[in-house]
Structures are given as structure tokens and as C-alpha cells.
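Below is entry-v2.cif, which holds mmCIF, C-alpha atoms.
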```cif
data_entry
#
loop_
_atom_site.label_atom_id
_atom_site.label_comp_id
_atom_site.auth_asym_id
_atom_site.auth_seq_id
_atom_site.Cartn_x
_atom_site.Cartn_y
_atom_site.Cartn_z
CA MET A 1 25.75 -58.10 211.63
CA PRO A 2 24.61 -56.64 214.98
CA VAL A 3 23.07 -59.12 217.36
CA VAL A 4 19.26 -58.93 217.45
CA ARG A 5 18.43 -58.82 221.13
CA TRP A 6 14.71 -58.27 221.25
CA GLU A 7 12.33 -61.25 220.69
CA PRO A 8 13.53 -64.49 219.18
CA ASP A 9 10.52 -64.77 216.80
CA ALA A 10 10.48 -63.78 213.13
CA ALA A 11 8.36 -60.64 213.62
CA GLY A 12 10.66 -59.43 216.39
CA ARG A 13 13.81 -60.15 214.38
CA LEU A 14 12.36 -58.32 211.38
CA ARG A 15 11.35 -55.37 213.56
CA ALA A 16 14.80 -55.12 215.13
CA ALA A 17 16.52 -55.41 211.73
CA ALA A 18 14.21 -52.79 210.21
CA MET A 19 14.85 -50.37 213.07
CA GLU A 20 18.63 -50.77 212.75
CA LEU A 21 18.45 -50.01 209.03
CA TYR A 22 16.02 -47.10 209.44
CA VAL A 23 18.43 -45.55 211.96
CA GLU A 24 21.56 -46.29 209.89
CA ARG A 25 20.29 -45.34 206.41
CA GLY A 26 16.97 -43.58 206.91
CA PHE A 27 13.46 -44.96 206.43
CA GLU A 28 13.15 -43.96 202.76
CA GLN A 29 16.47 -45.53 201.79
CA THR A 30 15.71 -48.94 203.33
CA THR A 31 14.09 -51.73 201.29
CA VAL A 32 12.11 -54.74 202.50
CA ALA A 33 14.72 -57.00 200.86
CA GLU A 34 17.45 -55.40 202.99
CA ILE A 35 15.39 -55.79 206.16
CA ALA A 36 14.79 -59.48 205.44
CA LEU A 37 18.48 -60.05 204.64
CA ARG A 38 19.62 -58.37 207.85
CA ALA A 39 17.15 -60.51 209.84
CA GLY A 40 18.31 -63.71 208.07
CA LEU A 41 14.81 -64.21 206.65
CA THR A 42 13.04 -63.78 203.32
CA ALA A 43 10.95 -60.90 201.97
CA ARG A 44 8.08 -63.38 201.82
CA THR A 45 8.36 -63.89 205.59
CA PHE A 46 8.43 -60.10 206.04
CA PHE A 47 5.12 -59.75 204.20
CA ARG A 48 3.55 -62.49 206.33
CA HIS A 49 4.06 -60.19 209.33
CA PHE A 50 3.89 -56.64 207.94
CA ALA A 51 1.90 -55.03 205.11
CA ASP A 52 4.82 -52.72 204.31
CA LYS A 53 7.89 -51.18 205.92
CA ARG A 54 5.79 -48.43 207.51
CA GLU A 55 3.72 -51.00 209.42
CA VAL A 56 6.88 -52.07 211.27
CA LEU A 57 6.65 -48.68 213.01
CA PHE A 58 2.86 -48.49 213.41
CA GLY A 59 1.76 -52.10 213.84
CA GLY A 60 1.52 -51.59 217.60
CA SER A 61 -1.29 -49.02 217.31
CA ALA A 62 -4.07 -51.62 217.41
CA ALA A 63 -2.84 -53.00 220.75
CA LEU A 64 -2.54 -49.46 222.13
CA PHE A 65 -6.09 -48.55 221.10
CA ASP A 66 -7.45 -51.88 222.44
CA GLU A 67 -5.85 -51.42 225.86
CA VAL A 68 -6.84 -47.76 226.13
CA MET A 69 -10.45 -48.38 225.18
CA ARG A 70 -10.70 -51.39 227.49
CA ALA A 71 -9.54 -49.18 230.37
CA VAL A 72 -12.14 -46.53 229.46
CA GLU A 73 -14.91 -49.14 229.45
CA GLN A 74 -13.79 -50.80 232.68
CA ALA A 75 -13.27 -47.64 234.75
CA PRO A 76 -15.57 -47.53 237.80
CA ALA A 77 -19.07 -46.18 237.25
CA GLY A 78 -19.22 -42.57 238.37
CA ALA A 79 -15.50 -41.92 237.78
CA ALA A 80 -14.88 -38.31 236.73
CA PRO A 81 -13.82 -37.86 233.08
CA MET A 82 -10.16 -37.23 233.94
CA GLN A 83 -10.12 -40.25 236.27
CA VAL A 84 -11.22 -42.34 233.30
CA VAL A 85 -8.52 -40.68 231.18
CA ALA A 86 -5.95 -41.38 233.91
CA ALA A 87 -6.87 -45.08 233.82
CA ALA A 88 -6.57 -45.01 230.03
CA LEU A 89 -3.14 -43.39 230.23
CA ASP A 90 -2.01 -46.00 232.73
CA ALA A 91 -3.07 -48.68 230.25
CA ALA A 92 -1.24 -46.81 227.48
CA ALA A 93 1.90 -46.72 229.62
CA GLY A 94 1.64 -50.51 230.00
CA VAL A 95 1.78 -50.87 226.19
CA LEU A 96 4.22 -48.06 225.34
CA GLY A 97 6.48 -48.07 228.38
CA GLN A 98 8.24 -51.42 227.95
CA HIS A 99 11.03 -50.86 225.44
CA GLN A 100 12.68 -47.50 225.98
CA ASP A 101 15.64 -48.02 223.62
CA TYR A 102 13.33 -49.25 220.87
CA SER A 103 10.98 -46.29 221.46
CA ARG A 104 13.89 -43.84 221.25
CA GLN A 105 15.04 -45.34 217.95
CA ARG A 106 11.50 -45.33 216.61
CA GLN A 107 11.06 -41.67 217.56
CA SER A 108 14.34 -40.65 215.90
CA VAL A 109 13.24 -42.41 212.69
CA ILE A 110 9.85 -40.67 212.77
CA ASN A 111 11.38 -37.25 213.54
CA ALA A 112 13.56 -37.57 210.44
CA ASN A 113 10.64 -38.15 208.04
CA PRO A 114 7.71 -35.73 207.52
CA GLU A 115 5.42 -38.45 206.13
CA LEU A 116 5.97 -40.61 209.22
CA GLN A 117 5.41 -37.55 211.44
CA GLU A 118 2.04 -37.01 209.78
CA ARG A 119 1.11 -40.64 210.29
CA GLU A 120 2.08 -40.44 213.98
CA LEU A 121 0.08 -37.23 214.34
CA ILE A 122 -2.99 -38.80 212.79
CA LYS A 123 -2.64 -41.75 215.17
CA LEU A 124 -2.65 -39.40 218.17
CA VAL A 125 -5.61 -37.38 216.86
CA SER A 126 -7.50 -40.65 216.33
CA LEU A 127 -6.66 -41.69 219.88
CA ALA A 128 -8.07 -38.41 221.25
CA ALA A 129 -11.25 -38.92 219.22
CA ALA A 130 -11.55 -42.53 220.44
CA LEU A 131 -11.12 -41.40 224.05
CA ALA A 132 -13.80 -38.73 223.61
CA ASP A 133 -16.13 -41.33 222.01
CA GLY A 134 -15.55 -43.69 224.92
CA LEU A 135 -16.31 -40.92 227.41
CA ARG A 136 -19.53 -40.00 225.57
CA ARG A 137 -20.59 -43.66 225.69
CA ARG A 138 -20.09 -43.44 229.46
CA GLY A 139 -22.51 -40.50 229.52
CA VAL A 140 -19.97 -37.66 229.72
CA PRO A 141 -21.53 -34.62 227.97
CA GLU A 142 -19.86 -32.22 225.53
CA PRO A 143 -17.62 -30.28 225.65
CA ASP A 144 -16.21 -32.24 228.60
CA ALA A 145 -15.76 -35.48 226.64
CA SER A 146 -13.78 -33.77 223.85
CA LEU A 147 -11.75 -31.64 226.27
CA ALA A 148 -10.85 -34.64 228.44
CA GLY A 149 -10.02 -36.86 225.42
CA GLU A 150 -7.80 -34.19 223.85
CA ALA A 151 -6.22 -33.32 227.19
CA GLY A 152 -5.42 -37.00 227.69
CA VAL A 153 -3.44 -37.10 224.46
CA VAL A 154 -1.66 -33.85 225.37
CA VAL A 155 -0.56 -35.49 228.62
CA LEU A 156 0.45 -38.67 226.80
CA ARG A 157 2.57 -36.75 224.30
CA VAL A 158 4.29 -34.57 226.92
CA ALA A 159 4.93 -37.51 229.27
CA PHE A 160 6.18 -39.74 226.45
CA GLY A 161 8.59 -37.05 225.25
CA ARG A 162 9.93 -36.62 228.77
CA TRP A 163 10.30 -40.40 229.23
CA LEU A 164 12.24 -40.67 225.96
CA THR A 165 14.61 -37.79 226.61
CA GLU A 166 15.19 -37.71 230.36
CA PRO A 167 18.12 -39.76 231.60
CA GLY A 168 17.52 -42.04 234.60
CA ASP A 169 14.90 -44.67 235.29
CA LEU A 170 11.67 -42.66 235.21
CA GLU A 171 8.70 -44.97 234.53
CA LEU A 172 6.33 -43.86 231.75
CA SER A 173 3.32 -44.40 234.03
CA GLN A 174 4.91 -42.07 236.59
CA ALA A 175 5.63 -39.45 233.91
CA MET A 176 1.95 -39.69 232.84
CA ARG A 177 0.70 -39.14 236.41
CA GLU A 178 3.01 -36.17 236.93
CA ALA A 179 1.95 -34.59 233.63
CA LEU A 180 -1.74 -35.09 234.52
CA ASP A 181 -1.19 -33.39 237.87
CA ARG A 182 0.75 -30.59 236.22
CA LEU A 183 -1.97 -30.02 233.60
CA ALA A 184 -4.48 -29.55 236.43
CA VAL A 185 -2.24 -26.83 237.92
CA VAL A 186 -1.55 -25.14 234.58
CA ALA A 187 -5.21 -25.22 233.43
CA ALA A 188 -6.60 -23.84 236.70
CA ARG A 189 -8.27 -20.41 236.29
CA MET B 1 -23.36 -17.07 188.37
CA PRO B 2 -23.86 -16.61 192.12
CA VAL B 3 -23.21 -13.14 193.43
CA VAL B 4 -19.86 -12.84 195.22
CA ARG B 5 -20.71 -11.08 198.45
CA TRP B 6 -17.48 -11.04 200.38
CA GLU B 7 -14.76 -8.50 199.50
CA PRO B 8 -14.78 -6.53 196.28
CA ASP B 9 -11.07 -7.10 195.59
CA ALA B 10 -9.62 -9.73 193.28
CA ALA B 11 -8.26 -11.96 196.08
CA GLY B 12 -11.65 -11.89 197.81
CA ARG B 13 -13.55 -12.67 194.59
CA LEU B 14 -11.19 -15.54 193.83
CA ARG B 15 -11.54 -16.89 197.36
CA ALA B 16 -15.33 -16.74 197.23
CA ALA B 17 -15.43 -18.36 193.77
CA ALA B 18 -13.01 -21.09 194.87
CA MET B 19 -15.06 -21.85 197.96
CA GLU B 20 -18.28 -22.12 195.92
CA LEU B 21 -16.63 -24.58 193.56
CA TYR B 22 -14.95 -26.60 196.32
CA VAL B 23 -18.36 -26.98 198.00
CA GLU B 24 -20.21 -27.76 194.73
CA ARG B 25 -17.72 -30.12 193.09
CA GLY B 26 -15.15 -31.00 195.72
CA PHE B 27 -11.64 -29.62 196.15
CA GLU B 28 -9.94 -32.27 193.98
CA GLN B 29 -12.32 -31.77 191.06
CA THR B 30 -11.89 -27.98 190.90
CA THR B 31 -9.25 -26.39 188.65
CA VAL B 32 -7.63 -22.97 188.93
CA ALA B 33 -9.02 -22.14 185.45
CA GLU B 34 -12.55 -22.78 186.72
CA ILE B 35 -12.00 -20.65 189.81
CA ALA B 36 -10.72 -17.75 187.70
CA LEU B 37 -13.64 -18.10 185.24
CA ARG B 38 -16.21 -18.11 188.05
CA ALA B 39 -14.59 -14.98 189.54
CA GLY B 40 -14.52 -13.23 186.14
CA LEU B 41 -10.71 -13.08 186.29
CA THR B 42 -7.77 -14.89 184.70
CA ALA B 43 -5.65 -17.77 185.98
CA ARG B 44 -2.72 -15.38 185.85
CA THR B 45 -4.49 -13.12 188.35
CA PHE B 46 -5.19 -16.16 190.52
CA PHE B 47 -1.49 -16.98 190.70
CA ARG B 48 -0.67 -13.39 191.61
CA HIS B 49 -2.64 -13.96 194.82
CA PHE B 50 -2.29 -17.68 195.59
CA ALA B 51 0.50 -20.22 195.06
CA ASP B 52 -2.07 -22.96 194.36
CA LYS B 53 -5.69 -23.86 195.05
CA ARG B 54 -4.79 -25.18 198.49
CA GLU B 55 -3.44 -21.79 199.54
CA VAL B 56 -6.93 -20.34 199.11
CA LEU B 57 -7.86 -22.37 202.20
CA PHE B 58 -4.64 -21.89 204.19
CA GLY B 59 -3.40 -18.44 203.19
CA GLY B 60 -4.85 -17.00 206.41
CA SER B 61 -2.50 -19.03 208.62
CA ALA B 62 0.26 -16.41 208.59
CA ALA B 63 -2.08 -13.71 209.93
CA LEU B 64 -3.36 -16.13 212.60
CA PHE B 65 0.16 -16.99 213.75
CA ASP B 66 1.21 -13.31 213.71
CA GLU B 67 -1.71 -12.20 215.88
CA VAL B 68 -1.37 -15.12 218.29
CA MET B 69 2.36 -14.61 218.78
CA ARG B 70 1.97 -10.84 219.16
CA ALA B 71 -0.55 -11.48 221.96
CA VAL B 72 1.87 -13.89 223.65
CA GLU B 73 4.66 -11.32 223.53
CA GLN B 74 2.48 -8.44 224.71
CA ALA B 75 0.77 -10.22 227.62
CA PRO B 76 1.54 -8.52 230.96
CA ALA B 77 4.76 -9.55 232.69
CA GLY B 78 4.02 -12.09 235.38
CA ALA B 79 0.84 -13.36 233.71
CA ALA B 80 0.30 -17.09 234.41
CA PRO B 81 0.84 -19.39 231.40
CA MET B 82 -2.90 -19.95 230.84
CA GLN B 83 -3.55 -16.20 231.09
CA VAL B 84 -1.06 -15.73 228.27
CA VAL B 85 -2.80 -18.51 226.34
CA ALA B 86 -6.19 -16.88 227.00
CA ALA B 87 -4.89 -13.63 225.49
CA ALA B 88 -3.56 -15.57 222.50
CA LEU B 89 -6.94 -17.28 222.01
CA ASP B 90 -8.70 -13.93 222.15
CA ALA B 91 -6.39 -12.72 219.40
CA ALA B 92 -7.09 -15.91 217.42
CA ALA B 93 -10.83 -15.30 217.78
CA GLY B 94 -10.29 -11.84 216.32
CA VAL B 95 -8.79 -13.39 213.18
CA LEU B 96 -10.95 -16.53 212.89
CA GLY B 97 -14.26 -15.30 214.26
CA GLN B 98 -15.29 -12.84 211.53
CA HIS B 99 -16.79 -14.89 208.74
CA GLN B 100 -18.90 -17.71 210.11
CA ASP B 101 -20.50 -18.79 206.81
CA TYR B 102 -17.12 -18.80 205.08
CA SER B 103 -15.61 -20.77 207.97
CA ARG B 104 -18.41 -23.34 207.80
CA GLN B 105 -17.88 -23.81 204.08
CA ARG B 106 -14.13 -24.06 204.55
CA GLN B 107 -14.57 -26.68 207.28
CA SER B 108 -16.92 -28.78 205.14
CA VAL B 109 -14.38 -28.71 202.27
CA ILE B 110 -11.59 -29.77 204.62
CA ASN B 111 -13.67 -32.51 206.25
CA ALA B 112 -14.29 -34.02 202.81
CA ASN B 113 -10.59 -34.36 201.92
CA PRO B 114 -8.02 -36.36 203.96
CA GLU B 115 -5.07 -34.43 202.52
CA LEU B 116 -6.60 -31.11 203.60
CA GLN B 117 -7.39 -32.58 207.01
CA GLU B 118 -3.71 -33.47 207.42
CA ARG B 119 -2.68 -29.98 206.41
CA GLU B 120 -5.12 -28.45 208.91
CA LEU B 121 -3.84 -30.80 211.60
CA ILE B 122 -0.23 -29.84 210.94
CA LYS B 123 -1.23 -26.17 211.14
CA LEU B 124 -2.75 -26.72 214.60
CA VAL B 125 0.22 -28.75 215.83
CA SER B 126 2.54 -25.98 214.62
CA LEU B 127 0.41 -23.44 216.45
CA ALA B 128 0.70 -25.42 219.71
CA ALA B 129 4.48 -25.61 219.24
CA ALA B 130 4.66 -21.86 218.52
CA LEU B 131 2.62 -21.10 221.65
CA ALA B 132 4.90 -23.32 223.75
CA ASP B 133 7.97 -21.58 222.23
CA GLY B 134 6.50 -18.18 223.04
CA LEU B 135 5.82 -19.25 226.63
CA ARG B 136 9.38 -20.57 227.02
CA ARG B 137 10.71 -17.24 225.76
CA ARG B 138 8.65 -15.63 228.54
CA GLY B 139 10.47 -17.87 231.05
CA VAL B 140 7.76 -20.50 231.54
CA PRO B 141 9.53 -23.80 232.37
CA GLU B 142 8.77 -27.27 230.98
CA PRO B 143 6.48 -29.15 231.08
CA ASP B 144 4.20 -26.17 231.78
CA ALA B 145 5.00 -24.39 228.49
CA SER B 146 4.19 -27.47 226.39
CA LEU B 147 1.11 -28.35 228.42
CA ALA B 148 -0.26 -24.81 228.21
CA GLY B 149 0.51 -24.47 224.48
CA GLU B 150 -1.13 -27.81 223.65
CA ALA B 151 -4.06 -27.10 225.97
CA GLY B 152 -4.57 -23.78 224.20
CA VAL B 153 -4.97 -25.51 220.85
CA VAL B 154 -7.34 -28.08 222.40
CA VAL B 155 -9.49 -25.18 223.61
CA LEU B 156 -9.27 -23.45 220.21
CA ARG B 157 -10.36 -26.60 218.37
CA VAL B 158 -13.25 -27.39 220.72
CA ALA B 159 -14.48 -23.78 220.79
CA PHE B 160 -14.15 -23.37 217.02
CA GLY B 161 -16.13 -26.58 216.42
CA ARG B 162 -18.87 -25.38 218.75
CA TRP B 163 -18.96 -21.93 217.10
CA LEU B 164 -19.30 -23.53 213.63
CA THR B 165 -22.05 -26.00 214.56
CA GLU B 166 -24.13 -24.27 217.23
CA PRO B 167 -27.08 -22.23 215.93
CA GLY B 168 -27.53 -18.73 217.35
CA ASP B 169 -25.14 -15.81 217.66
CA LEU B 170 -22.43 -17.20 219.94
CA GLU B 171 -19.21 -15.20 219.53
CA LEU B 172 -16.04 -17.25 218.96
CA SER B 173 -14.22 -15.30 221.69
CA GLN B 174 -17.01 -16.22 224.13
CA ALA B 175 -16.84 -19.90 223.08
CA MET B 176 -13.05 -19.77 223.69
CA ARG B 177 -13.47 -18.35 227.20
CA GLU B 178 -16.13 -20.92 228.11
CA ALA B 179 -13.98 -23.79 226.82
CA LEU B 180 -10.97 -22.48 228.79
CA ASP B 181 -13.07 -22.37 231.96
CA ARG B 182 -14.46 -25.83 231.27
CA LEU B 183 -10.98 -27.28 230.70
CA ALA B 184 -9.96 -26.00 234.14
CA VAL B 185 -12.92 -27.87 235.67
CA VAL B 186 -12.32 -31.07 233.67
CA ALA B 187 -8.54 -31.13 234.29
CA ALA B 188 -8.83 -30.54 238.06
CA ARG B 189 -7.54 -33.50 240.11
#
```
Before anything else, please render the file you have as C-alpha cells.
Amino acid sequence: MPVVRWEPDAAGRLRAAAMELYVERGFEQTTVAEIALRAGLTARTFFRHFADKREVLFGGSAALFDEVMRAVEQAPAGAAPMQVVAAALDAAAGVLGQHQDYSRQRQSVINANPELQERELIKLVSLAAALADGLRRRGVPEPDASLAGEAGVVVLRVAFGRWLTEPGDLELSQAMREALDRLAVVAAR
Amino acid sequence: MPVVRWEPDAAGRLRAAAMELYVERGFEQTTVAEIALRAGLTARTFFRHFADKREVLFGGSAALFDEVMRAVEQAPAGAAPMQVVAAALDAAAGVLGQHQDYSRQRQSVINANPELQERELIKLVSLAAALADGLRRRGVPEPDASLAGEAGVVVLRVAFGRWLTEPGDLELSQAMREALDRLAVVAAR
């Protein structure tokens, strides 16, 4: 059995075991019983931490949304919409940018399964809508709030993809800043 | 039976009848037999034109993609990425901007059904990927091709939403151009 390196707690061991099995056998072909066995725990313990085997991959969304929306609320008064979005992306990088190997495995599992791709897509669309909502609450009018919220998620997706695929020690926060700057150049009329 | 106003042909009558029923009863609750009956045609005729009742709503995607990709290919050599995207959005407006009442009905049907929302979402993500592919084939490097392709679909979605909800006689192509200009302002660093 491969050594579980990440987190000594039950949730972390279950997550690492699940990811190994999803990569080895595919998401569909893996059962909760197999995940628990690989982690040296019981299915009952699994269900104390995760609603189902899909939540192993998506359980981090709540923390991501919390951090992003906190950054939107706490950005300085008078910050331009894309400055607020930049602060939100920096917060997102703090949540997403910690575990590159894990993130690469997770992405390969998602890429192999259309249902998981849809779920990931819906998460990103929800994040864009939440960003736009947060900007409107700060007084940003339409269409600027929607454009900035959607543009923020475009930057997140492009920067995240680069961070996952580029060799070397690029930081996710740096990739986000570079993609934001590049979007400004590309979008200029 | 309501008068079918749009298109005298069988496909058009079936589409109009389907849309009436989707709005009246909901997409899930409508059967192909009911659509055919409302259109004064047979289920067999329905299946000559549409694979299923979902294709009534999404059968136009191929024409949209064809027009958009033709515009990308035919844009002048040396055009900046967002100029190519602007030409593509103009072509999209030519396809999407004809039937405002139909488009409003279609959107209300989609908004009421999560499965249709996912399908619409996947269509738009595929369009962004196709735009980025087309830009790469024109020699646009990454991340510019992805950023411009994704930004184009952000503009399309925001402009289309405005065109559907704003009273008055705003043209979709005009809404696209204004959203493109506004994105340039919002994205500026």
C-alpha cells in the first residue's frame, strides 16, 4: 500500500486514498469500501467526513467561496472592480495553490469523467456569479459587475491551468497576476 | 390552438409548438406526441427533424459554431486577437439576434431546468474552446488565445442577457460591441 503523505487525520488519509484509487482505476470504478480499506479505516468513518465519493473532490469549494467572498467584502472602499477581483484571486490562490501534486491528480481525474467536468464547470460559473453579486453589493453597476466577475473566473481558469501544467516553481498567485495583466492587454480596444 | 407564426415549414411549426408547450407545461412534462399534435403533424415527422425534444432547443448550435469559426478564419491577417473575436461575435449576433421573442422563451425554458442549463453551459464552454483553437491556428500564442476566446464568450453571455431583458429595440450586435468596449475598460490595469 502506498504511503499516505498528506495529513495524518482521517479525512486527509481518506482523501489521499480516494485520489490514488481514482487515478489508478478511474472515479466510476472506485467504491467507498475500497477507499476506506486503502486508508485503513471503515466506510462508516468515510461517511462521517464525506457525503459521497464525489465530495472528496469538491469538498473544498466551500472554503474557496468563503475566502473569495471575504476578500471581496474586505477590499478597500473605492477599489476599482478589477482590483477587487485581483484581491479575490489572491485569496483563491491561497486556498488552491498549496498542493500542486494533489491538484494535478484531481484535475486528471476530473478530465477523465464528463460528469465531474460538468460539476467543476458549474462550480466555476457559480463562483463568477458570486463575484458579480459581491461587486454589485459594493455598488458596482451592470454590466461592469458581471464582466469583472466572469473575467475573474477566466483569469483563474487560465492561471490554474498554467500552474498545473508548467514545470518549475511558478506560484499560483503569480500566475493569477500575470494572467490578469495579460487580459488587460488582450481586451484593450 | 395558438397560431404558429414563425416559419411555415414542418421544422419551424414543430419548433414553435414545442416552445409553446415547454413554456406552458415545462420541458420535462412535454412529450414528443404532444408537440406533434400541437403542430398538426406526426411524431414520425418530428423525429425526421429532431433527434429528441432537447434538440429543438439546441439544434441551432451547429449553425452558430459554423458562422463563428468562419468569421475567425476570414478575419484579416494581422488582426489583433480581440478584433478577431469581435468579428466572431458579430457573426454570432447574425445567427442569434433574429428572433428575440423566441430567444426569450427559449431562455425561460432553460432557466427552469438544471439539466438544460448544464447543456447550455457546456455549449458556451465549447464555443470558448473553439474560439481559442481558431486563434491558435491563426498563430496567436498562449495565454492570449485562451484569454481572448474565454473573454469573447463572457461578452456574448453578458450582451445576450442584456438584449433579452432590456426593453426597446437594442440590436444584439450593438449590445456585443458595447460589452466588448466595456470589458476593455473594466479589465484595464
Which polymer residues, protein or nucleic acid, are no farther than 12 Å from (13.7, -51.4, 201.5), counting only C-alpha atoms, as a list in words?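 Answer for this query, in the requested form: Ala17, Ala18, Met19, Leu21, Tyr22, Arg25, Gly26, Phe27, Glu28, Gln29, Thr30, Thr31, Val32, Ala33, Glu34, Ile35, Ala36, Leu37, Arg38, Ala43, Phe46, Asp52, Lys53, Arg54 and Val56 of chain A.
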Ranking B:Ala77, B:Leu14, B:Ala87, B:Val109 by minimum distance to Arg48 in chain B and counting only C-alpha atoms, which one comes first?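 Closest to Arg48 in chain B, using only C-alpha atoms: B:Leu14.
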Residues of chain A within 7 Å of chain B, counting all atoms listed in the file, as a list in words: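 The contacting residues on chain A are Pro81, Met82, Asp144, Leu147, Ala148, Glu150, Ala151, Val154, Asp181, Leu183, Ala184, Val186, Ala187, Ala188 and Arg189 of chain A.
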What is the CA of Leu89 in chain B to CA of Asp9 in chain B distance in Å? 28.6 Å
For this structure, which residues satisfy the selection - the PyMOL selection byres ((chain A and resi 93-107) around 9) - when it is evaluated on the file as given? I want them as a ChimeraX atom specification. /A:16,19-20,22-23,57,60,63-64,67,88-92,108-112,156,160,163-165,171-174,176
For C-alpha atoms, I'd like the residues from the last selection saved as a PDB file, in the frame of the given file.
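Now in part.pdb:
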```
ATOM      1  CA  ALA A  16      14.800 -55.120 215.130  1.00  0.00           C
ATOM      2  CA  MET A  19      14.850 -50.370 213.070  1.00  0.00           C
ATOM      3  CA  GLU A  20      18.630 -50.770 212.750  1.00  0.00           C
ATOM      4  CA  TYR A  22      16.020 -47.100 209.440  1.00  0.00           C
ATOM      5  CA  VAL A  23      18.430 -45.550 211.960  1.00  0.00           C
ATOM      6  CA  LEU A  57       6.650 -48.680 213.010  1.00  0.00           C
ATOM      7  CA  GLY A  60       1.520 -51.590 217.600  1.00  0.00           C
ATOM      8  CA  ALA A  63      -2.840 -53.000 220.750  1.00  0.00           C
ATOM      9  CA  LEU A  64      -2.540 -49.460 222.130  1.00  0.00           C
ATOM     10  CA  GLU A  67      -5.850 -51.420 225.860  1.00  0.00           C
ATOM     11  CA  ALA A  88      -6.570 -45.010 230.030  1.00  0.00           C
ATOM     12  CA  LEU A  89      -3.140 -43.390 230.230  1.00  0.00           C
ATOM     13  CA  ASP A  90      -2.010 -46.000 232.730  1.00  0.00           C
ATOM     14  CA  ALA A  91      -3.070 -48.680 230.250  1.00  0.00           C
ATOM     15  CA  ALA A  92      -1.240 -46.810 227.480  1.00  0.00           C
ATOM     16  CA  SER A 108      14.340 -40.650 215.900  1.00  0.00           C
ATOM     17  CA  VAL A 109      13.240 -42.410 212.690  1.00  0.00           C
ATOM     18  CA  ILE A 110       9.850 -40.670 212.770  1.00  0.00           C
ATOM     19  CA  ASN A 111      11.380 -37.250 213.540  1.00  0.00           C
ATOM     20  CA  ALA A 112      13.560 -37.570 210.440  1.00  0.00           C
ATOM     21  CA  LEU A 156       0.450 -38.670 226.800  1.00  0.00           C
ATOM     22  CA  PHE A 160       6.180 -39.740 226.450  1.00  0.00           C
ATOM     23  CA  TRP A 163      10.300 -40.400 229.230  1.00  0.00           C
ATOM     24  CA  LEU A 164      12.240 -40.670 225.960  1.00  0.00           C
ATOM     25  CA  THR A 165      14.610 -37.790 226.610  1.00  0.00           C
ATOM     26  CA  GLU A 171       8.700 -44.970 234.530  1.00  0.00           C
ATOM     27  CA  LEU A 172       6.330 -43.860 231.750  1.00  0.00           C
ATOM     28  CA  SER A 173       3.320 -44.400 234.030  1.00  0.00           C
ATOM     29  CA  GLN A 174       4.910 -42.070 236.590  1.00  0.00           C
ATOM     30  CA  MET A 176       1.950 -39.690 232.840  1.00  0.00           C
TER      31      MET A 176
END
```
Distance criterion (only C-alpha atoms): nearest to Ala175 in chain A out of A:Leu124, A:Ala86, A:Asn113, A:Asp133: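 Nearest to Ala175 in chain A: A:Ala86.
With only C-alpha atoms as the atoms that count, the minimum distance from Lys123 in chain B to the choices B:Ala62, B:Ala79, B:Leu41, B:Ala51 is reached by B:Ala62.
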In Å, rounded to a single decimal, give me how far CA of Pro76 in chain A is from CA of Gly139 in chain A.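 If I compute the distance from CA of Gly139 in chain A to CA of Pro76 in chain A, I get 12.9 Å.
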What does the structure give for the distance between CA of Leu127 in chain A and CA of Pro114 in chain B, in Å to one decimal?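 So the answer is 16.8 Å.
Shortest separation to Ala132 in chain B among B:Val68, B:Gly161, B:Thr45, B:Glu55 occurs at residue B:Val68, atoms counted being all atoms listed in the file.
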